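For reference, the structure discussed in these notes is given below.
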Amino acid sequence: GTGIADMKNQFKLNVYPNPAQGYINIDDIGVWREPANLQLINILGQVIYELNTQQKNISIPVGQFAACIYTLQFKSGEKQKIEKVVITR
């Protein structure tokens, strides 16, 4: 369901460009007091990039990764957000 309890664990994450070639930019990460953990996960479920940060805006270099669909998983305290990102060549 979508109640108040669910809403407090949701937040907006701006991920662009998507599809991406060289970099993925992520805005509004550091709005939480807790440090954020960010993982880029391939289709095999392997974490290919991980970052712990409290920065508000970051860029992830993705030029070395294969063209595919990836899962970007973001956790900060109790909050979690998952985005699909596409890397193209």
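How things are named: the first chain in the structure tokens is A, the next is B, and so on; residues count from 1 in each chain; ligands count from 1 in the order shown.
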Using DSSP on the backbone coordinates, identify the residues of chain A assigned to strand (DSSP E or B); present them as a PyMOL selection string. chain A and resi 14-16+20+23-27+36-41+47-53+57-61+68-76+79-87
Per residue of segment 44-76 of chain A within 8 Å of segment 80-84 of chain A, which atom pair is closest and at what distance in Å (one decimal), using only C-alpha atoms, listed by chain and increasing number, as CSV?
```
residue,atom,partner,partner_atom,distance
A:Ile69,CA,A:Lys84,CA,6.8
A:Tyr70,CA,A:Lys84,CA,5.8
A:Thr71,CA,A:Lys84,CA,4.7
A:Leu72,CA,A:Glu83,CA,5.1
A:Gln73,CA,A:Ile82,CA,4.6
A:Phe74,CA,A:Lys81,CA,5.1
A:Lys75,CA,A:Gln80,CA,4.4
A:Ser76,CA,A:Gln80,CA,6.4
```
May I have the selected residues written with all heavy atoms, as a CSV table (one decimal), in the first residue's frame?
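Writing the result to selection39.csv gives the following:
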```
chain,number,residue,atom,x,y,z
A,69,ILE,N,21.8,-3.0,-19.6
A,69,ILE,CA,21.0,-2.4,-18.6
A,69,ILE,C,21.5,-2.7,-17.2
A,69,ILE,O,21.9,-3.9,-16.9
A,69,ILE,CB,19.5,-2.9,-18.7
A,69,ILE,CG1,18.9,-2.6,-20.1
A,69,ILE,CG2,18.6,-2.3,-17.6
A,69,ILE,CD1,17.6,-3.2,-20.3
A,70,TYR,N,21.6,-1.7,-16.3
A,70,TYR,CA,22.2,-1.9,-15.0
A,70,TYR,C,21.2,-1.4,-14.0
A,70,TYR,O,20.3,-0.6,-14.3
A,70,TYR,CB,23.5,-1.1,-14.8
A,70,TYR,CG,24.6,-1.6,-15.7
A,70,TYR,CD1,24.7,-1.2,-17.0
A,70,TYR,CD2,25.5,-2.5,-15.2
A,70,TYR,CE1,25.7,-1.7,-17.8
A,70,TYR,CE2,26.6,-3.0,-16.0
A,70,TYR,CZ,26.7,-2.6,-17.3
A,70,TYR,OH,27.7,-3.1,-18.1
A,71,THR,N,21.3,-1.9,-12.8
A,71,THR,CA,20.5,-1.4,-11.6
A,71,THR,C,21.3,-0.5,-10.8
A,71,THR,O,22.4,-0.9,-10.4
A,71,THR,CB,20.0,-2.6,-10.8
A,71,THR,OG1,19.3,-3.5,-11.6
A,71,THR,CG2,19.1,-2.2,-9.7
A,72,LEU,N,20.8,0.7,-10.5
A,72,LEU,CA,21.5,1.6,-9.6
A,72,LEU,C,20.7,1.6,-8.3
A,72,LEU,O,19.5,1.9,-8.3
A,72,LEU,CB,21.4,3.0,-10.2
A,72,LEU,CG,22.2,4.1,-9.5
A,72,LEU,CD1,23.7,3.9,-9.5
A,72,LEU,CD2,21.9,5.5,-10.1
A,73,GLN,N,21.4,1.1,-7.3
A,73,GLN,CA,20.7,1.0,-6.0
A,73,GLN,C,21.3,2.0,-5.0
A,73,GLN,O,22.5,2.1,-4.8
A,73,GLN,CB,20.9,-0.5,-5.5
A,73,GLN,CG,20.2,-0.7,-4.1
A,73,GLN,CD,20.3,-2.2,-3.8
A,73,GLN,OE1,19.6,-3.0,-4.3
A,73,GLN,NE2,21.3,-2.5,-3.0
A,74,PHE,N,20.4,2.7,-4.4
A,74,PHE,CA,20.8,3.8,-3.5
A,74,PHE,C,20.1,3.6,-2.1
A,74,PHE,O,18.9,3.3,-2.0
A,74,PHE,CB,20.3,5.1,-4.1
A,74,PHE,CG,20.5,6.3,-3.2
A,74,PHE,CD1,21.7,6.9,-3.0
A,74,PHE,CD2,19.4,6.8,-2.4
A,74,PHE,CE1,21.9,8.0,-2.2
A,74,PHE,CE2,19.6,7.9,-1.6
A,74,PHE,CZ,20.8,8.5,-1.5
A,75,LYS,N,21.0,3.6,-1.1
A,75,LYS,CA,20.4,3.4,0.3
A,75,LYS,C,21.0,4.5,1.2
A,75,LYS,O,22.2,4.8,1.1
A,75,LYS,CB,20.8,2.0,0.9
A,75,LYS,CG,20.2,0.8,0.2
A,75,LYS,CD,20.7,-0.5,0.8
A,75,LYS,CE,20.1,-1.7,0.1
A,75,LYS,NZ,20.7,-2.9,0.6
A,76,SER,N,20.1,5.0,2.0
A,76,SER,CA,20.5,6.0,3.0
A,76,SER,C,19.7,5.8,4.2
A,76,SER,O,18.5,6.1,4.2
A,76,SER,CB,20.4,7.4,2.5
A,76,SER,OG,20.8,8.4,3.4
```
Write out as a PDB file with N, CA, C and O atoms, in the first residue's frame which residues come within 7 Å of Tyr23 of chain A when counting only C-alpha atoms, dropping same-chain ones fewer than 2 positions away.
```pdb
ATOM      1  N   ALA A  20      23.257   6.355 -20.907  1.00  0.00           N
ATOM      2  CA  ALA A  20      24.525   7.054 -20.677  1.00  0.00           C
ATOM      3  C   ALA A  20      25.642   6.398 -21.463  1.00  0.00           C
ATOM      4  O   ALA A  20      25.566   5.226 -21.799  1.00  0.00           O
ATOM      5  N   GLN A  21      26.692   7.198 -21.737  1.00  0.00           N
ATOM      6  CA  GLN A  21      27.868   6.646 -22.413  1.00  0.00           C
ATOM      7  C   GLN A  21      29.121   6.783 -21.563  1.00  0.00           C
ATOM      8  O   GLN A  21      29.808   5.804 -21.320  1.00  0.00           O
ATOM      9  N   ASN A  25      25.227  10.983 -14.036  1.00  0.00           N
ATOM     10  CA  ASN A  25      25.158  12.011 -13.001  1.00  0.00           C
ATOM     11  C   ASN A  25      23.967  11.738 -12.097  1.00  0.00           C
ATOM     12  O   ASN A  25      22.888  11.370 -12.573  1.00  0.00           O
ATOM     13  N   SER A  59      29.122  12.118 -10.010  1.00  0.00           N
ATOM     14  CA  SER A  59      29.207  11.537 -11.352  1.00  0.00           C
ATOM     15  C   SER A  59      29.893  10.187 -11.237  1.00  0.00           C
ATOM     16  O   SER A  59      30.919  10.070 -10.577  1.00  0.00           O
ATOM     17  N   ILE A  60      29.315   9.194 -11.882  1.00  0.00           N
ATOM     18  CA  ILE A  60      29.908   7.857 -11.915  1.00  0.00           C
ATOM     19  C   ILE A  60      30.477   7.641 -13.308  1.00  0.00           C
ATOM     20  O   ILE A  60      29.742   7.728 -14.294  1.00  0.00           O
ATOM     21  N   PRO A  61      31.788   7.332 -13.414  1.00  0.00           N
ATOM     22  CA  PRO A  61      32.339   7.009 -14.736  1.00  0.00           C
ATOM     23  C   PRO A  61      31.875   5.621 -15.173  1.00  0.00           C
ATOM     24  O   PRO A  61      32.051   4.646 -14.447  1.00  0.00           O
ATOM     25  N   VAL A  62      31.243   5.537 -16.338  1.00  0.00           N
ATOM     26  CA  VAL A  62      30.717   4.249 -16.805  1.00  0.00           C
ATOM     27  C   VAL A  62      31.305   3.843 -18.160  1.00  0.00           C
ATOM     28  O   VAL A  62      30.871   2.865 -18.754  1.00  0.00           O
ATOM     29  N   GLY A  63      32.311   4.582 -18.623  1.00  0.00           N
ATOM     30  CA  GLY A  63      32.885   4.304 -19.932  1.00  0.00           C
ATOM     31  C   GLY A  63      33.514   2.930 -20.054  1.00  0.00           C
ATOM     32  O   GLY A  63      33.617   2.383 -21.142  1.00  0.00           O
TER      33      GLY A  63
END
```
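Rounded to one decimal, atom CA of Glu50 of chain A and atom CA of Ala36 of chain A lie 10.6 Å from each other.
Distance annotation: of A:Leu51, A:Lys79, A:Gln39, A:Gln64, the residue with the minimal separation from Lys12 of chain A is A:Lys79; atom set is only C-alpha atoms.
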How far is it from atom CA of Val85 of chain A to atom CA of Ile41 of chain A, in Å with one decimal? 9.9 Å
I need the helix (DSSP H, G or I) residues of chain A per DSSP on the backbone, written as an MDAnalysis selection string. chainID A and resid 4:7
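Minimum distance to Gly77 of chain A across A:Asn37, A:Asn18, A:Thr53, A:Asn42 (counting only C-alpha atoms) occurs at A:Asn37.
The nearest approach to Ile58 of chain A among the residues A:Ile43, A:Leu13, A:Glu78, A:Thr88, with only C-alpha atoms taken into account, belongs to A:Leu13.
Atom to atom, atom CA of Val86 of chain A and atom CA of Cys68 of chain A stand 5.9 Å apart.
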